[in-house]
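Shown next: final_31.cif, containing mmCIF, C-alpha atoms and all ligand atoms; chains and numbers go by the auth columns.
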```cif
data_structure
loop_
_atom_site.group_PDB
_atom_site.id
_atom_site.type_symbol
_atom_site.label_atom_id
_atom_site.label_comp_id
_atom_site.label_asym_id
_atom_site.label_seq_id
_atom_site.Cartn_x
_atom_site.Cartn_y
_atom_site.Cartn_z
_atom_site.B_iso_or_equiv
_atom_site.auth_seq_id
_atom_site.auth_asym_id
ATOM 1 C CA MET A 1 -28.611 -17.637 -3.747 0.00 347 A
ATOM 2 C CA SER A 2 -29.675 -17.903 -0.106 0.00 348 A
ATOM 3 C CA GLU A 3 -28.246 -14.581 1.183 0.00 349 A
ATOM 4 C CA ASN A 4 -29.262 -11.103 -0.010 0.00 350 A
ATOM 5 C CA PHE A 5 -27.772 -10.012 -3.300 0.00 351 A
ATOM 6 C CA THR A 6 -26.380 -6.826 -1.705 0.00 352 A
ATOM 7 C CA ASP A 7 -24.671 -8.752 1.129 0.00 353 A
ATOM 8 C CA TRP A 8 -23.222 -11.086 -1.491 0.00 354 A
ATOM 9 C CA LEU A 9 -21.893 -8.092 -3.500 0.00 355 A
ATOM 10 C CA ARG A 10 -20.460 -6.370 -0.482 0.00 356 A
ATOM 11 C CA GLU A 11 -18.661 -9.464 0.855 0.00 357 A
ATOM 12 C CA ARG A 12 -16.915 -9.787 -2.505 0.00 358 A
ATOM 13 C CA SER A 13 -15.814 -6.144 -2.418 0.00 359 A
ATOM 14 C CA GLU A 14 -13.452 -6.479 0.526 0.00 360 A
ATOM 15 C CA PRO A 15 -10.888 -5.271 1.513 0.00 361 A
ATOM 16 C CA ASP A 16 -11.830 -2.100 -0.408 0.00 362 A
ATOM 17 C CA TRP A 17 -15.215 -1.788 1.301 0.00 363 A
ATOM 18 C CA THR A 18 -13.694 -1.575 4.790 0.00 364 A
ATOM 19 C CA ALA A 19 -10.946 0.726 3.461 0.00 365 A
ATOM 20 C CA VAL A 20 -13.653 3.251 2.472 0.00 366 A
ATOM 21 C CA VAL A 21 -15.777 2.948 5.589 0.00 367 A
ATOM 22 C CA GLU A 22 -12.783 3.249 7.957 0.00 368 A
ATOM 23 C CA HIS A 23 -10.745 5.664 5.861 0.00 369 A
ATOM 24 C CA PRO A 24 -8.443 8.052 7.817 0.00 370 A
ATOM 25 C CA PHE A 25 -10.057 10.944 5.905 0.00 371 A
ATOM 26 C CA THR A 26 -13.287 10.214 7.791 0.00 372 A
ATOM 27 C CA ASP A 27 -11.493 9.981 11.155 0.00 373 A
ATOM 28 C CA ALA A 28 -10.023 13.441 10.549 0.00 374 A
ATOM 29 C CA LEU A 29 -13.528 14.740 9.813 0.00 375 A
ATOM 30 C CA PHE A 30 -14.771 13.322 13.119 0.00 376 A
ATOM 31 C CA ASP A 31 -12.000 14.676 15.365 0.00 377 A
ATOM 32 C CA GLY A 32 -11.589 18.131 13.818 0.00 378 A
ATOM 33 C CA SER A 33 -8.053 17.489 12.553 0.00 379 A
ATOM 34 C CA MET A 34 -9.009 17.759 8.866 0.00 380 A
ATOM 35 C CA PRO A 35 -6.877 20.491 7.231 0.00 381 A
ATOM 36 C CA ASP A 36 -8.947 23.044 5.250 0.00 382 A
ATOM 37 C CA GLU A 37 -6.709 22.384 2.263 0.00 383 A
ATOM 38 C CA TYR A 38 -7.779 18.708 2.124 0.00 384 A
ATOM 39 C CA MET A 39 -11.443 19.457 2.772 0.00 385 A
ATOM 40 C CA SER A 40 -11.420 22.100 0.036 0.00 386 A
ATOM 41 C CA SER A 41 -9.869 19.866 -2.616 0.00 387 A
ATOM 42 C CA TYR A 42 -12.219 17.036 -1.632 0.00 388 A
ATOM 43 C CA LEU A 43 -15.383 19.165 -1.840 0.00 389 A
ATOM 44 C CA VAL A 44 -14.340 20.783 -5.127 0.00 390 A
ATOM 45 C CA GLN A 45 -13.871 17.337 -6.672 0.00 391 A
ATOM 46 C CA ASP A 46 -16.961 15.922 -4.988 0.00 392 A
ATOM 47 C CA TYR A 47 -19.139 18.655 -6.456 0.00 393 A
ATOM 48 C CA GLN A 48 -18.099 17.372 -9.878 0.00 394 A
ATOM 49 C CA PHE A 49 -18.819 13.809 -8.729 0.00 395 A
ATOM 50 C CA VAL A 50 -22.315 14.896 -7.676 0.00 396 A
ATOM 51 C CA ASP A 51 -23.014 16.219 -11.176 0.00 397 A
ATOM 52 C CA ASP A 52 -22.538 12.755 -12.703 0.00 398 A
ATOM 53 C CA PHE A 53 -24.188 11.074 -9.723 0.00 399 A
ATOM 54 C CA LEU A 54 -27.287 13.162 -10.366 0.00 400 A
ATOM 55 C CA ALA A 55 -27.290 12.120 -14.020 0.00 401 A
ATOM 56 C CA LEU A 56 -26.993 8.490 -12.869 0.00 402 A
ATOM 57 C CA LEU A 57 -30.029 8.957 -10.618 0.00 403 A
ATOM 58 C CA GLY A 58 -31.844 10.367 -13.638 0.00 404 A
ATOM 59 C CA ALA A 59 -30.960 7.269 -15.640 0.00 405 A
ATOM 60 C CA ALA A 60 -32.283 5.114 -12.791 0.00 406 A
ATOM 61 C CA VAL A 61 -35.590 7.015 -12.933 0.00 407 A
ATOM 62 C CA ALA A 62 -35.735 6.382 -16.685 0.00 408 A
ATOM 63 C CA LYS A 63 -34.831 2.695 -16.493 0.00 409 A
ATOM 64 C CA ALA A 64 -36.754 1.646 -13.362 0.00 410 A
ATOM 65 C CA ASP A 65 -39.345 -1.044 -13.953 0.00 411 A
ATOM 66 C CA ARG A 66 -42.168 0.499 -11.916 0.00 412 A
ATOM 67 C CA TYR A 67 -43.704 3.809 -10.894 0.00 413 A
ATOM 68 C CA ALA A 68 -43.154 3.317 -7.129 0.00 414 A
ATOM 69 C CA SER A 69 -39.409 2.985 -7.742 0.00 415 A
ATOM 70 C CA ARG A 70 -39.331 6.086 -9.929 0.00 416 A
ATOM 71 C CA LEU A 71 -41.019 8.070 -7.150 0.00 417 A
ATOM 72 C CA LYS A 72 -38.440 6.939 -4.582 0.00 418 A
ATOM 73 C CA LEU A 73 -35.508 7.734 -6.868 0.00 419 A
ATOM 74 C CA ALA A 74 -36.960 11.135 -7.720 0.00 420 A
ATOM 75 C CA GLY A 75 -37.194 11.899 -3.981 0.00 421 A
ATOM 76 C CA SER A 76 -33.459 11.370 -3.698 0.00 422 A
ATOM 77 C CA ILE A 77 -32.857 13.711 -6.628 0.00 423 A
ATOM 78 C CA ALA A 78 -34.747 16.360 -4.665 0.00 424 A
ATOM 79 C CA VAL A 79 -32.294 16.029 -1.741 0.00 425 A
ATOM 80 C CA VAL A 80 -29.202 16.266 -3.962 0.00 426 A
ATOM 81 C CA THR A 81 -30.546 19.361 -5.685 0.00 427 A
ATOM 82 C CA SER A 82 -31.647 21.144 -2.500 0.00 428 A
ATOM 83 C CA GLU A 83 -30.029 20.469 0.938 0.00 429 A
ATOM 84 C CA GLU A 84 -26.883 18.942 -0.514 0.00 430 A
ATOM 85 C CA ASN A 85 -26.384 21.651 -3.122 0.00 431 A
ATOM 86 C CA THR A 86 -26.906 24.377 -0.532 0.00 432 A
ATOM 87 C CA TYR A 87 -24.349 22.676 1.719 0.00 433 A
ATOM 88 C CA PHE A 88 -21.754 22.825 -1.066 0.00 434 A
ATOM 89 C CA GLN A 89 -22.434 26.513 -1.740 0.00 435 A
ATOM 90 C CA ARG A 90 -22.155 27.486 1.938 0.00 436 A
ATOM 91 C CA SER A 91 -19.011 25.393 2.386 0.00 437 A
ATOM 92 C CA PHE A 92 -17.367 26.858 -0.720 0.00 438 A
ATOM 93 C CA GLU A 93 -18.083 30.302 0.694 0.00 439 A
ATOM 94 C CA ALA A 94 -16.631 29.401 4.113 0.00 440 A
ATOM 95 C CA LEU A 95 -13.529 27.822 2.571 0.00 441 A
ATOM 96 C CA GLY A 96 -12.967 30.671 0.096 0.00 442 A
ATOM 97 C CA ILE A 97 -13.265 28.490 -3.017 0.00 443 A
ATOM 98 C CA VAL A 98 -12.955 30.602 -6.162 0.00 444 A
ATOM 99 C CA GLU A 99 -15.656 30.505 -8.850 0.00 445 A
ATOM 100 C CA SER A 100 -13.557 28.605 -11.402 0.00 446 A
ATOM 101 C CA ASP A 101 -13.003 25.766 -8.884 0.00 447 A
ATOM 102 C CA ARG A 102 -16.731 25.644 -8.172 0.00 448 A
ATOM 103 C CA VAL A 103 -17.807 25.284 -11.772 0.00 449 A
ATOM 104 C CA ASP A 104 -14.893 23.966 -13.825 0.00 450 A
ATOM 105 C CA PRO A 105 -11.973 22.683 -11.745 0.00 451 A
ATOM 106 C CA GLU A 106 -9.153 20.565 -13.081 0.00 452 A
ATOM 107 C CA LEU A 107 -10.268 17.020 -12.324 0.00 453 A
ATOM 108 C CA ASP A 108 -8.178 14.557 -10.285 0.00 454 A
ATOM 109 C CA PRO A 109 -7.559 11.164 -11.913 0.00 455 A
ATOM 110 C CA ALA A 110 -9.771 9.618 -9.172 0.00 456 A
ATOM 111 C CA THR A 111 -12.651 11.917 -10.123 0.00 457 A
ATOM 112 C CA VAL A 112 -12.201 11.126 -13.811 0.00 458 A
ATOM 113 C CA ALA A 113 -12.202 7.367 -13.116 0.00 459 A
ATOM 114 C CA PHE A 114 -15.419 7.610 -11.064 0.00 460 A
ATOM 115 C CA ARG A 115 -17.031 9.889 -13.657 0.00 461 A
ATOM 116 C CA ASP A 116 -16.161 7.454 -16.450 0.00 462 A
ATOM 117 C CA LEU A 117 -17.641 4.545 -14.508 0.00 463 A
ATOM 118 C CA MET A 118 -20.867 6.474 -13.813 0.00 464 A
ATOM 119 C CA ARG A 119 -21.192 7.704 -17.402 0.00 465 A
ATOM 120 C CA ASP A 120 -20.574 4.279 -18.859 0.00 466 A
ATOM 121 C CA THR A 121 -23.106 2.701 -16.485 0.00 467 A
ATOM 122 C CA ARG A 122 -25.640 5.457 -17.175 0.00 468 A
ATOM 123 C CA ASP A 123 -25.338 5.080 -20.951 0.00 469 A
ATOM 124 C CA ASN A 124 -24.878 1.308 -21.285 0.00 470 A
ATOM 125 C CA GLY A 125 -26.109 -0.301 -18.064 0.00 471 A
ATOM 126 C CA GLY A 126 -29.498 -1.691 -17.191 0.00 472 A
ATOM 127 C CA TYR A 127 -31.472 -0.794 -14.063 0.00 473 A
ATOM 128 C CA ALA A 128 -29.720 -3.380 -11.848 0.00 474 A
ATOM 129 C CA GLU A 129 -26.275 -2.177 -12.912 0.00 475 A
ATOM 130 C CA ILE A 130 -27.166 1.442 -12.236 0.00 476 A
ATOM 131 C CA LEU A 131 -28.509 0.445 -8.821 0.00 477 A
ATOM 132 C CA ALA A 132 -25.244 -1.404 -8.081 0.00 478 A
ATOM 133 C CA VAL A 133 -23.180 1.778 -8.569 0.00 479 A
ATOM 134 C CA LEU A 134 -25.688 3.994 -6.704 0.00 480 A
ATOM 135 C CA THR A 135 -25.806 1.537 -3.808 0.00 481 A
ATOM 136 C CA VAL A 136 -22.024 1.542 -3.349 0.00 482 A
ATOM 137 C CA ALA A 137 -21.904 5.358 -3.323 0.00 483 A
ATOM 138 C CA GLU A 138 -24.703 5.695 -0.764 0.00 484 A
ATOM 139 C CA TRP A 139 -24.160 2.638 1.427 0.00 485 A
ATOM 140 C CA THR A 140 -20.422 3.291 1.952 0.00 486 A
ATOM 141 C CA TYR A 141 -21.203 6.904 2.861 0.00 487 A
ATOM 142 C CA LEU A 142 -23.860 5.850 5.357 0.00 488 A
ATOM 143 C CA GLU A 143 -21.463 3.359 6.926 0.00 489 A
ATOM 144 C CA TRP A 144 -18.597 5.779 7.449 0.00 490 A
ATOM 145 C CA ALA A 145 -20.869 8.616 8.592 0.00 491 A
ATOM 146 C CA VAL A 146 -22.655 6.590 11.300 0.00 492 A
ATOM 147 C CA ARG A 147 -19.255 5.885 12.875 0.00 493 A
ATOM 148 C CA ALA A 148 -18.973 9.566 13.910 0.00 494 A
ATOM 149 C CA PRO A 149 -18.712 9.639 17.718 0.00 495 A
ATOM 150 C CA ALA A 150 -19.893 13.271 18.100 0.00 496 A
ATOM 151 C CA LYS A 151 -20.786 16.339 16.096 0.00 497 A
ATOM 152 C CA PRO A 152 -17.659 18.347 15.170 0.00 498 A
ATOM 153 C CA ASP A 153 -17.709 22.132 15.784 0.00 499 A
ATOM 154 C CA ASN A 154 -16.926 23.141 12.192 0.00 500 A
ATOM 155 C CA PHE A 155 -20.203 23.163 10.214 0.00 501 A
ATOM 156 C CA VAL A 156 -18.398 22.089 7.016 0.00 502 A
ATOM 157 C CA HIS A 157 -17.408 18.840 8.762 0.00 503 A
ATOM 158 C CA ALA A 158 -20.539 18.427 10.894 0.00 504 A
ATOM 159 C CA GLU A 159 -23.059 18.860 8.074 0.00 505 A
ATOM 160 C CA TRP A 160 -21.182 16.600 5.685 0.00 506 A
ATOM 161 C CA ILE A 161 -21.497 13.869 8.298 0.00 507 A
ATOM 162 C CA GLU A 162 -25.152 14.713 9.046 0.00 508 A
ATOM 163 C CA LEU A 163 -26.114 14.633 5.362 0.00 509 A
ATOM 164 C CA HIS A 164 -25.065 10.969 5.371 0.00 510 A
ATOM 165 C CA ALA A 165 -26.041 9.940 8.901 0.00 511 A
ATOM 166 C CA ASN A 166 -29.671 10.870 9.385 0.00 512 A
ATOM 167 C CA PRO A 167 -32.840 8.746 9.474 0.00 513 A
ATOM 168 C CA ASP A 168 -33.951 9.793 5.962 0.00 514 A
ATOM 169 C CA PHE A 169 -30.613 8.879 4.419 0.00 515 A
ATOM 170 C CA GLN A 170 -30.597 5.593 6.358 0.00 516 A
ATOM 171 C CA GLU A 171 -34.055 4.815 5.002 0.00 517 A
ATOM 172 C CA TRP A 172 -32.946 5.708 1.448 0.00 518 A
ATOM 173 C CA VAL A 173 -29.995 3.304 1.692 0.00 519 A
ATOM 174 C CA THR A 174 -32.255 0.577 3.078 0.00 520 A
ATOM 175 C CA TRP A 175 -34.588 1.122 0.122 0.00 521 A
ATOM 176 C CA LEU A 176 -31.719 1.094 -2.421 0.00 522 A
ATOM 177 C CA ARG A 177 -30.476 -2.203 -1.002 0.00 523 A
ATOM 178 C CA SER A 178 -33.926 -3.794 -1.010 0.00 524 A
ATOM 179 C CA GLU A 179 -34.478 -2.568 -4.575 0.00 525 A
ATOM 180 C CA LEU A 180 -31.195 -4.095 -5.739 0.00 526 A
ATOM 181 C CA ASP A 181 -32.060 -7.305 -3.853 0.00 527 A
ATOM 182 C CA ARG A 182 -35.463 -7.383 -5.591 0.00 528 A
ATOM 183 C CA VAL A 183 -34.117 -6.732 -9.076 0.00 529 A
ATOM 184 C CA GLY A 184 -31.070 -8.936 -8.477 0.00 530 A
ATOM 185 C CA ALA A 185 -33.251 -11.951 -7.705 0.00 531 A
ATOM 186 C CA GLU A 186 -34.424 -11.929 -11.325 0.00 532 A
ATOM 187 C CA LEU A 187 -30.928 -11.805 -12.871 0.00 533 A
ATOM 188 C CA ASP A 188 -29.123 -14.738 -14.447 0.00 534 A
ATOM 189 C CA GLU A 189 -25.538 -15.624 -13.537 0.00 535 A
ATOM 190 C CA ARG A 190 -23.931 -13.457 -16.224 0.00 536 A
ATOM 191 C CA GLU A 191 -25.988 -10.412 -15.256 0.00 537 A
ATOM 192 C CA ARG A 192 -25.138 -10.928 -11.584 0.00 538 A
ATOM 193 C CA ALA A 193 -21.454 -11.138 -12.480 0.00 539 A
ATOM 194 C CA ARG A 194 -21.737 -7.828 -14.366 0.00 540 A
ATOM 195 C CA CYS A 195 -23.298 -6.186 -11.301 0.00 541 A
ATOM 196 C CA LEU A 196 -20.526 -7.599 -9.118 0.00 542 A
ATOM 197 C CA ARG A 197 -17.824 -6.180 -11.404 0.00 543 A
ATOM 198 C CA LEU A 198 -19.444 -2.732 -11.249 0.00 544 A
ATOM 199 C CA PHE A 199 -19.966 -2.955 -7.483 0.00 545 A
ATOM 200 C CA GLN A 200 -16.279 -3.795 -7.009 0.00 546 A
ATOM 201 C CA GLN A 201 -15.133 -1.064 -9.421 0.00 547 A
ATOM 202 C CA ALA A 202 -17.291 1.539 -7.686 0.00 548 A
ATOM 203 C CA THR A 203 -15.938 0.495 -4.270 0.00 549 A
ATOM 204 C CA LYS A 204 -12.379 0.844 -5.569 0.00 550 A
ATOM 205 C CA CYS A 205 -13.302 4.298 -6.957 0.00 551 A
ATOM 206 C CA GLU A 206 -14.490 5.313 -3.478 0.00 552 A
ATOM 207 C CA VAL A 207 -11.162 4.279 -1.897 0.00 553 A
ATOM 208 C CA ASP A 208 -9.198 6.132 -4.568 0.00 554 A
ATOM 209 C CA PHE A 209 -11.399 9.218 -4.147 0.00 555 A
ATOM 210 C CA PHE A 210 -10.600 9.486 -0.416 0.00 556 A
ATOM 211 C CA ASN A 211 -6.938 8.608 -1.042 0.00 557 A
ATOM 212 C CA ALA A 212 -6.689 11.483 -3.531 0.00 558 A
ATOM 213 C CA HIS A 213 -7.368 13.934 -0.674 0.00 559 A
ATOM 214 C CA TRP A 214 -5.298 12.284 2.023 0.00 560 A
ATOM 215 C CA ASP A 215 -1.687 11.236 2.529 0.00 561 A
HETATM 216 C C1 LIG B . -17.221 10.181 -3.929 0.00 601 B
HETATM 217 C C2 LIG B . -18.590 10.164 -3.294 0.00 601 B
HETATM 218 N N1 LIG B . -19.203 8.988 -3.075 0.00 601 B
HETATM 219 C C3 LIG B . -20.461 9.020 -2.519 0.00 601 B
HETATM 220 C C4 LIG B . -21.104 10.162 -2.175 0.00 601 B
HETATM 221 C C5 LIG B . -22.431 10.133 -1.532 0.00 601 B
HETATM 222 N N2 LIG B . -23.459 10.432 -2.432 0.00 601 B
HETATM 223 C C6 LIG B . -20.421 11.334 -2.426 0.00 601 B
HETATM 224 N N3 LIG B . -20.940 12.556 -2.141 0.00 601 B
HETATM 225 N N4 LIG B . -19.136 11.342 -2.963 0.00 601 B
#
```
Could you quickly redo this structure as structure tokens?
Ligand SMILES: Cc1ncc(CN)c(N)n1
Amino acid sequence: MSENFTDWLRERSEPDWTAVVEHPFTDALFDGSMPDEYMSSYLVQDYQFVDDFLALLGAAVAKADRYASRLKLAGSIAVVTSEENTYFQRSFEALGIVESDRVDPELDPATVAFRDLMRDTRDNGGYAEILAVLTVAEWTYLEWAVRAPAKPDNFVHAEWIELHANPDFQEWVTWLRSELDRVGAELDERERARCLRLFQQATKCEVDFFNAHWD
């Protein structure tokens, strides 16, 4: 393969990839027109997503093939468990989210589908497959967030964008891609095809997740 593995995966994940990155949900975040009702349901479901995402990061730490990679992945766990978690708590407070919706909400079908994909990959996938799902989740979020033309007034909107459009997050996504490119170069055709299937499924999950909070 002459091009990067991650470019190859992404090209084969259209039109869903562009549907995530240019989703109308993100435009409403940028221009302040996002109704609280939509933002609330999205963040409640996303907090549940983050739980399984964290477990997937943990599986990546366990299955990585070298110490330097484990260190990098563990650094990302630190962000999810500190700044990002605090953001959710402050936003739940601002939006008046009740305790039961913070800890044990009824899950949307889109959340269940994403959770099932992450759990299956965590339990049965190898390092490259786990990286494929992590890369979709982080790279799509970087790509929509960097499209923001300005910082919205509402901190719930502004900080959700900033968490995914800052130099550290950009560097993390660059690392994830280079890691998947490195590991992908060693895969045979069948293993690459498995990564592609997961990459495409995860991209479709991202579209469905935004769609579930927009109409
Ligand atoms: C559904 C979803 N996808 C990705 C991300 C970014 N980690 C997120 N918070 N939520």
Could you check which residues have any atom within 9 Å of (-27.5, 7.2, -4.1), counting all atoms listed in the file with coordinates taken straight from the file, and then list them as a list in words?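 Here is the list of nearby residues: Phe399, Leu400, Leu402, Leu403, Leu419, Ser422, Ile423, Leu477, Val479, Leu480, Thr481, Val482, Ala483, Glu484, Trp485, Trp518, Val519 and Leu522 of chain A.
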Quick check on the file I pasted: which residues fall under the PyMOL selection byres (((chain A and resi 510) around 10) and not hetatm)? Write them as a tab-separated table (two decimals) with C-alpha atoms, in the coordinates of the input.
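Wrote selection30.tsv, looks like this:
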```tsv
chain	number	residue	atom	x	y	z
A	484	GLU	CA	-24.70	5.70	-0.76
A	485	TRP	CA	-24.16	2.64	1.43
A	486	THR	CA	-20.42	3.29	1.95
A	487	TYR	CA	-21.20	6.90	2.86
A	488	LEU	CA	-23.86	5.85	5.36
A	489	GLU	CA	-21.46	3.36	6.93
A	490	TRP	CA	-18.60	5.78	7.45
A	491	ALA	CA	-20.87	8.62	8.59
A	492	VAL	CA	-22.66	6.59	11.30
A	505	GLU	CA	-23.06	18.86	8.07
A	506	TRP	CA	-21.18	16.60	5.68
A	507	ILE	CA	-21.50	13.87	8.30
A	508	GLU	CA	-25.15	14.71	9.05
A	509	LEU	CA	-26.11	14.63	5.36
A	511	ALA	CA	-26.04	9.94	8.90
A	512	ASN	CA	-29.67	10.87	9.38
A	513	PRO	CA	-32.84	8.75	9.47
A	514	ASP	CA	-33.95	9.79	5.96
A	515	PHE	CA	-30.61	8.88	4.42
A	516	GLN	CA	-30.60	5.59	6.36
A	519	VAL	CA	-30.00	3.30	1.69
```
Hey, what's within 12 Å of Thr427 (chain A) if we count all atoms listed in the file and toss same-chain stuff fewer than 5 positions away? As a PyMOL selection string, please? chain A and resi 393+396-397+399-401+403+420-422+432-435
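Proximity to Thr352 (chain A) at 9 Å, evaluated using only C-alpha atoms and with sequence-adjacent residues fewer than 5 positions away removed, yields Glu357, Ala478, Thr481, Arg523, Ser524, Leu526, Asp527 and Gly530 of chain A.
Taking CA of Arg461 (chain A) and CA of Asp398 (chain A) as the two end points, the separation is 6.3 Å.
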Residues in the PyMOL selection byres (((chain A and resi 552) around 9) and not hetatm), expressed as an MDAnalysis selection string: chainID A and resid 362:363 366 456 460 482:483 486 547:551 553:557
List every protein, DNA or RNA residue that has an atom no more than 12 Å from (-8.1, 19.7, 9.6) in the file's coordinate frame, counting all atoms listed in the file, and report them as a PyMOL selection string. chain A and resi 370-386+498-500+502-503+559-560
Using CA of Arg448 (chain A) and CA of Gln391 (chain A) as the two end points, give the distance in Å to one decimal. 8.9 Å
Could you please determine the separation between atom C4 of ligand LIG 601 (chain B) and CA of Val425 (chain A) in Å, to one decimal place?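 The value is 12.6 Å.
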Assuming 8 Å of padding per side, give the centre and edge lengths of the axis-aligned box around every listed atom of ligand LIG 601 (chain B), in Å to one decimal and as AutoDock Vina command-line options.
```
--center_x -20.3 --center_y 10.8 --center_z -2.7 --size_x 22.2 --size_y 19.6 --size_z 18.4
```
With distances taken over only C-alpha atoms and all ligand atoms, which residue among A:Asn431, A:Asn350, A:Ser415, A:Thr520 lies nearest ligand LIG 601 (chain B)?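 When distances to ligand LIG 601 (chain B) are compared using only C-alpha atoms and all ligand atoms, the smallest one comes from A:Asn431.
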Distance criterion (only C-alpha atoms and all ligand atoms): nearest to ligand LIG 601 (chain B) out of A:Leu355, A:Ala405, A:Ala459, A:Leu533: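 Closest residue, counting only C-alpha atoms and all ligand atoms: A:Ala459.
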Excluding Asn470 (chain A) and residues on its chain fewer than 3 positions from it, collect all residues at most 12 Å away from it, counting all atoms listed in the file, and give them as a list of chain:residue names.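 These residues fall inside the cut-off: A:Leu402, A:Ala405, A:Ala406, A:Lys409, A:Asp462, A:Leu463, A:Met464, A:Arg465, A:Asp466, A:Thr467, A:Tyr473, A:Ala474, A:Glu475, A:Ile476, A:Arg540.
Using all atoms listed in the file, the smallest distance between any of A:Glu445, A:Lys418, A:Glu349, A:Val426 and ligand LIG 601 (chain B) comes from A:Val426.
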The PyMOL selection byres (((chain A and resi 447) around 12) and not hetatm) applied to the shown file, residues as a list in words: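 Expected selection for the PyMOL selection byres (((chain A and resi 447) around 12) and not hetatm) here is Ser386, Ser387, Tyr388, Leu389, Val390, Gln391, Asp392, Tyr393, Gln394, Gln435, Phe438, Glu439, Leu441, Gly442, Ile443, Val444, Glu445, Ser446, Arg448, Val449, Asp450, Pro451, Glu452 and Leu453 of chain A.
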Let me make sure I understand: among A:Val458, A:Ala440, A:Ala494, A:Cys541, which one has the smallest atom-to-atom distance to ligand LIG 601 (chain B) if we use only C-alpha atoms and all ligand atoms? A:Val458
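Take the candidates A:Glu517, A:Glu430, A:His369, A:Pro495 and check each one against ligand LIG 601 (chain B) using only C-alpha atoms and all ligand atoms; the shortest distance goes to A:Glu430.
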Which residue, A:Asp411, A:Asp534, A:Asp353, A:Asp454, has the smallest gap to ligand LIG 601 (chain B) when you use all atoms listed in the file? A:Asp454
